[in-house]
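A.B. asks: Sharing a structure here in structure tokens format.
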Amino acid sequence: MRAVVVEEFSPVKSVQIREIVSPDCHTREVRVRVAAVGLGFVDGLKVQGLYQTKDPLPFVPGMEFSGTVVETGEGVSQVRVGDRVFGLAKRGALAEEIVVPESGLAVIPSRLSFPQAAAVPVNYLTAAFALTEMAGLRSSETLLVLGAAGGTGTAAIKIAKMIGAHVIAAASTEEKRSLACAEGADLAIDYADEKWREVLKSLTNNRPIDVIFDAVGGEISPIAFRTLGWRGRHLVVGFAAGRIPSLQFNIALLKGASLIGIDSAQIQKWEPEVYMKLMRRIGEWLESGAVKPPPTQIFPLSQFQDAFEAMSSRRAMGKVVVMMRNE
């Protein structure tokens, strides 16, 4: 089968599509013919060997996928051959087939296409875990989303609006701010503007922010933390700006505020019951229409390098998805 194979840690432009042997399907495992693969910043870092953990070489990158079940191992009971499924794996998604444990799969809601389903696992799981489990966002509160036009940002907007919160989107271009508002944000600001904090105060009538969903990092994060009110929660989701920021702890002390790390890869490891609960809940939200499907920017497999570049350069609008096949 064809797959994108990382033979040594290097820039994505050095990675090629190779022919490899399809993995065996064992007890409680499922073989999926992959239709679409969602990409995130972590995927780009892993290819270059820059992530905090390194995958064993050689490896097939990609963690989020959607496709059709073509084989089930002994003991599998939740999915059947022919089912449309989506899921999350440690690696291996950028291939024509992937074999994963049954517990890592969910049936695709009927409203979603394969590309939309491939855009769900990390982004919606991250946003749902952050806002509902860790921050306890309430309908009376205001959420500030940094990096609002990205995959996790748009997911956070949708889930926060379903909860009933007031959402302010922060993004660096007019096009991105327009997308964030189209996805449900109530207001949008330009965090590249030196006076963005003053603009934010005017939008909230000097009311402090309750929760920050931060997928950007860099110099913007410490400034954003200062906008929090008493018992505010700053959710650290990622560092799209490229630099990991520092924070003066006395600010947290004065505000009674919390800095909360969110890593979706750790949920299944440490809280598998929460992982399963959230995946079911996300599917129900999408099936009922309570939460809209994600926006996607689609690339064919032959242009997978362009997909990585669009994501790493922060040019992407919504979730970057690679189509392995057309269905």
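Here, A, B, ... name the chains of the structure tokens in the order displayed, residue numbers run from 1 inside each chain, and ligands are numbered from 1 in the same displayed order.
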Please identify the helix (DSSP H, G or I) residues within region 185-290 of chain A (assignment by DSSP from backbone atoms) and present them as a VMD selection string.
C.D. replies: chain A and resid 196 to 204 220 to 225 249 to 255 264 to 270 272 to 288
A.B. asks: Sort by chain and increasing residue number a table of all residues of region 154-255 of chain A within 9 Å of region 38-59 of chain A, each with its closest pair of atoms and their distance in Å to one decimal, counting only C-alpha atoms, and write it as a Markdown table.
C.D. replies:
| residue | atom | partner | partner_atom | distance |
| --- | --- | --- | --- | --- |
| A:Gly238 | CA | A:Phe41 | CA | 8.4 |
| A:Phe239 | CA | A:Phe41 | CA | 8.7 |
| A:Ala240 | CA | A:Phe41 | CA | 7.4 |
A.B. asks: For the contact check between region 251-284 of chain A and region 133-154 of chain A, emit one row per residue of region 251-284 of chain A within 9 Å, containing the shortest atom pair and the distance in Å rounded to one decimal, counting only C-alpha atoms, chain then rising number order, as JSON lines.
C.D. replies:
{"residue": "A:Ile260", "atom": "CA", "partner": "A:Met134", "partner_atom": "CA", "distance": 7.5}
{"residue": "A:Ile262", "atom": "CA", "partner": "A:Met134", "partner_atom": "CA", "distance": 8.4}
{"residue": "A:Val274", "atom": "CA", "partner": "A:Glu133", "partner_atom": "CA", "distance": 8.9}
A.B. asks: Considering only C-alpha atoms, return as a list in words whatever protein or nucleic-acid residues lie within 10 Å of Leu112 (chain A), sequence-local ones (same chain, fewer than 5 positions apart) excluded.
C.D. replies: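 Here the answer would be Ala117, Ala118, Val120, Gly283, Leu286, Glu287, Lys292, Pro293 and Pro294 of chain A.
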A.B. asks: With C-alpha atoms retained, export the selected residues as a PDB file, in the first residue's frame.
C.D. replies:
ATOM      1  CA  ALA A 117     -14.816  13.616  10.099  1.00  0.00           C
ATOM      2  CA  ALA A 118     -11.014  13.544   9.757  1.00  0.00           C
ATOM      3  CA  VAL A 120     -12.832  16.197  14.267  1.00  0.00           C
ATOM      4  CA  GLY A 283     -20.629  12.530  17.865  1.00  0.00           C
ATOM      5  CA  LEU A 286     -22.542  16.728  15.442  1.00  0.00           C
ATOM      6  CA  GLU A 287     -25.345  14.276  14.644  1.00  0.00           C
ATOM      7  CA  LYS A 292     -21.610  22.413  13.219  1.00  0.00           C
ATOM      8  CA  PRO A 293     -19.084  20.367  11.223  1.00  0.00           C
ATOM      9  CA  PRO A 294     -15.563  21.822  11.012  1.00  0.00           C
TER      10      PRO A 294
END
A.B. asks: Env of region 89-103 of chain A: 7 Å cut, atoms = only C-alpha atoms, seq-sep filter 4 positions within chain, self excluded. Answer as an MDAnalysis selection string.
C.D. replies: chainID A and resid 1:4 22:23 25 28:34 37 60:65 76 324
A.B. asks: Write the residues you've just listed into a file as a PDB file, in the first residue's frame, and include C-alpha atoms for each of them.
C.D. replies:
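Output (part.pdb):
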ATOM      1  CA  MET A   1       0.000   0.000   0.000  1.00  0.00           C
ATOM      2  CA  ARG A   2       1.045   3.618  -0.473  1.00  0.00           C
ATOM      3  CA  ALA A   3       2.042   5.667   2.553  1.00  0.00           C
ATOM      4  CA  VAL A   4       3.930   8.793   3.493  1.00  0.00           C
ATOM      5  CA  SER A  22      -0.098  -3.248   5.206  1.00  0.00           C
ATOM      6  CA  PRO A  23      -0.084  -4.082   8.955  1.00  0.00           C
ATOM      7  CA  CYS A  25      -5.106  -7.001  12.116  1.00  0.00           C
ATOM      8  CA  ARG A  28      -9.793  -6.270  19.140  1.00  0.00           C
ATOM      9  CA  GLU A  29      -8.223  -4.382  16.252  1.00  0.00           C
ATOM     10  CA  VAL A  30      -9.847  -2.933  13.138  1.00  0.00           C
ATOM     11  CA  ARG A  31      -8.447  -2.366   9.666  1.00  0.00           C
ATOM     12  CA  VAL A  32      -9.650   0.883   8.096  1.00  0.00           C
ATOM     13  CA  ARG A  33      -9.262   1.890   4.472  1.00  0.00           C
ATOM     14  CA  VAL A  34      -8.304   5.510   4.968  1.00  0.00           C
ATOM     15  CA  VAL A  37      -6.343  12.476   7.212  1.00  0.00           C
ATOM     16  CA  VAL A  60       4.111   6.935   8.881  1.00  0.00           C
ATOM     17  CA  PRO A  61       2.907  10.313  10.249  1.00  0.00           C
ATOM     18  CA  GLY A  62      -0.691  11.354  10.839  1.00  0.00           C
ATOM     19  CA  MET A  63      -2.908  10.733  13.852  1.00  0.00           C
ATOM     20  CA  GLU A  64      -6.444  11.745  12.782  1.00  0.00           C
ATOM     21  CA  PHE A  65      -8.262   9.832  10.080  1.00  0.00           C
ATOM     22  CA  VAL A  76     -14.521  -6.542  17.951  1.00  0.00           C
ATOM     23  CA  MET A 324      -6.143   9.630   0.506  1.00  0.00           C
TER      24      MET A 324
END
A.B. asks: Rank A:Ile189, A:Ile20, A:Val216, A:Leu254 by their smallest atom-to-atom distance to Glu174 (chain A), using only C-alpha atoms, and report the top residue only.
C.D. replies: A:Ile189
A.B. asks: Ranking A:Trp196, A:Phe86, A:Phe213, A:Phe308 by minimum distance to Ala160 (chain A) and counting only C-alpha atoms, which one comes first?
C.D. replies: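 Closest to Ala160 (chain A), using only C-alpha atoms: A:Phe213.
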A.B. asks: Quick check, in Å to one decimal: how far apart do CA of Asp190 (chain A) and CA of Ala316 (chain A) lie?
C.D. replies: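 Computing it gives 17.0 Å between the two atoms.
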A.B. asks: Identify all residues of region 109-145 of chain A in strand (DSSP E) (DSSP on the backbone) and supply them as a PyMOL selection string.
C.D. replies: chain A and resi 142-145
A.B. asks: Excluding Val85 (chain A) and residues on its chain fewer than 5 positions from it, collect all residues at most 7 Å away from it, counting only C-alpha atoms, and give them as a list in words.
C.D. replies: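 The contact residues come out as Ser66, Gly67, Thr68, Leu105, Ala106, Val107 and Ile108 of chain A.
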A.B. asks: Kindly export the residues of the current selection with N, CA and C atoms, as a PDB file, in the first residue's frame.
C.D. replies:
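Result file selection-v2.pdb:
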ATOM      1  N   SER A  66     -10.228   9.297   8.830  1.00  0.00           N
ATOM      2  CA  SER A  66     -11.576   8.768   8.609  1.00  0.00           C
ATOM      3  C   SER A  66     -11.499   7.785   7.461  1.00  0.00           C
ATOM      4  N   GLY A  67     -12.448   6.859   7.435  1.00  0.00           N
ATOM      5  CA  GLY A  67     -12.438   5.878   6.362  1.00  0.00           C
ATOM      6  C   GLY A  67     -13.498   4.813   6.564  1.00  0.00           C
ATOM      7  N   THR A  68     -13.290   3.667   5.925  1.00  0.00           N
ATOM      8  CA  THR A  68     -14.261   2.579   5.939  1.00  0.00           C
ATOM      9  C   THR A  68     -13.639   1.319   6.530  1.00  0.00           C
ATOM     10  N   LEU A 105     -11.906   4.151  17.791  1.00  0.00           N
ATOM     11  CA  LEU A 105     -12.782   4.476  16.667  1.00  0.00           C
ATOM     12  C   LEU A 105     -14.168   4.918  17.123  1.00  0.00           C
ATOM     13  N   ALA A 106     -14.808   5.701  16.274  1.00  0.00           N
ATOM     14  CA  ALA A 106     -16.208   6.076  16.468  1.00  0.00           C
ATOM     15  C   ALA A 106     -16.869   6.105  15.093  1.00  0.00           C
ATOM     16  N   VAL A 107     -18.158   5.820  15.050  1.00  0.00           N
ATOM     17  CA  VAL A 107     -18.901   5.863  13.785  1.00  0.00           C
ATOM     18  C   VAL A 107     -19.114   7.318  13.385  1.00  0.00           C
ATOM     19  N   ILE A 108     -18.908   7.622  12.118  1.00  0.00           N
ATOM     20  CA  ILE A 108     -19.044   8.989  11.618  1.00  0.00           C
ATOM     21  C   ILE A 108     -20.516   9.411  11.648  1.00  0.00           C
TER      22      ILE A 108
END
A.B. asks: Return the single residue from A:Ile159, A:Ala290, A:Ala215, A:Val199 that is closest to Thr227 (chain A), with distances computed using only C-alpha atoms.
C.D. replies: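 Of the candidates, the smallest distance to Thr227 (chain A) is held by A:Val199.
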A.B. asks: From the options A:Tyr275, A:Trp270, A:Tyr191, A:Phe9, which residue's atoms come nearest to Val122 (chain A), counting only C-alpha atoms?
C.D. replies: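 Checking each candidate against Val122 (chain A), we get A:Tyr275 as the closest.
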A.B. asks: By how many Å are CA of Gly242 (chain A) and CA of Ser313 (chain A) apart?
C.D. replies: 10.2 Å
A.B. asks: Can you tell me which residues surround Asp186 (chain A) at a distance of at most 10 Å, considering only C-alpha atoms, apart from same-chain residues fewer than 3 positions away, and format the answer as a compact mmCIF listing (two decimals) with N, CA and C atoms, in the first residue's frame?
C.D. replies:
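Listing of around37.txt after writing:
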# COMPACT_ATOMS: atom_id res chain seq x y z
N ILE A 157 -14.88 27.70 19.36
CA ILE A 157 -15.98 28.65 19.14
C ILE A 157 -17.31 27.92 19.13
N LYS A 161 -20.25 28.31 21.96
CA LYS A 161 -21.55 28.87 21.59
C LYS A 161 -22.68 27.90 21.92
N ALA A 165 -21.92 30.58 25.92
CA ALA A 165 -20.97 31.62 26.32
C ALA A 165 -20.86 32.71 25.25
N HIS A 166 -20.35 33.87 25.67
CA HIS A 166 -20.05 34.97 24.75
C HIS A 166 -18.62 34.75 24.25
N VAL A 167 -18.43 34.75 22.93
CA VAL A 167 -17.13 34.39 22.36
C VAL A 167 -16.52 35.55 21.59
N ILE A 168 -15.28 35.88 21.95
CA ILE A 168 -14.50 36.88 21.23
C ILE A 168 -13.34 36.17 20.55
N ALA A 169 -13.28 36.28 19.23
CA ALA A 169 -12.25 35.62 18.45
C ALA A 169 -11.09 36.56 18.20
N ALA A 180 -13.81 33.27 11.60
CA ALA A 180 -14.17 33.00 12.99
C ALA A 180 -15.59 33.47 13.30
N CYS A 181 -15.96 34.63 12.77
CA CYS A 181 -17.32 35.13 12.99
C CYS A 181 -18.34 34.27 12.25
N ALA A 182 -17.97 33.80 11.06
CA ALA A 182 -18.87 32.92 10.31
C ALA A 182 -19.07 31.59 11.04
N GLU A 183 -18.06 31.19 11.82
CA GLU A 183 -18.15 29.95 12.59
C GLU A 183 -18.91 30.13 13.90
A.B. asks: Using only C-alpha atoms, pick whichever of A:Gln116, A:Ala241, A:Ile267, A:Ile282 has the shortest atom-to-atom distance to Ser312 (chain A).
C.D. replies: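 Checking each candidate against Ser312 (chain A), we get A:Ala241 as the closest.
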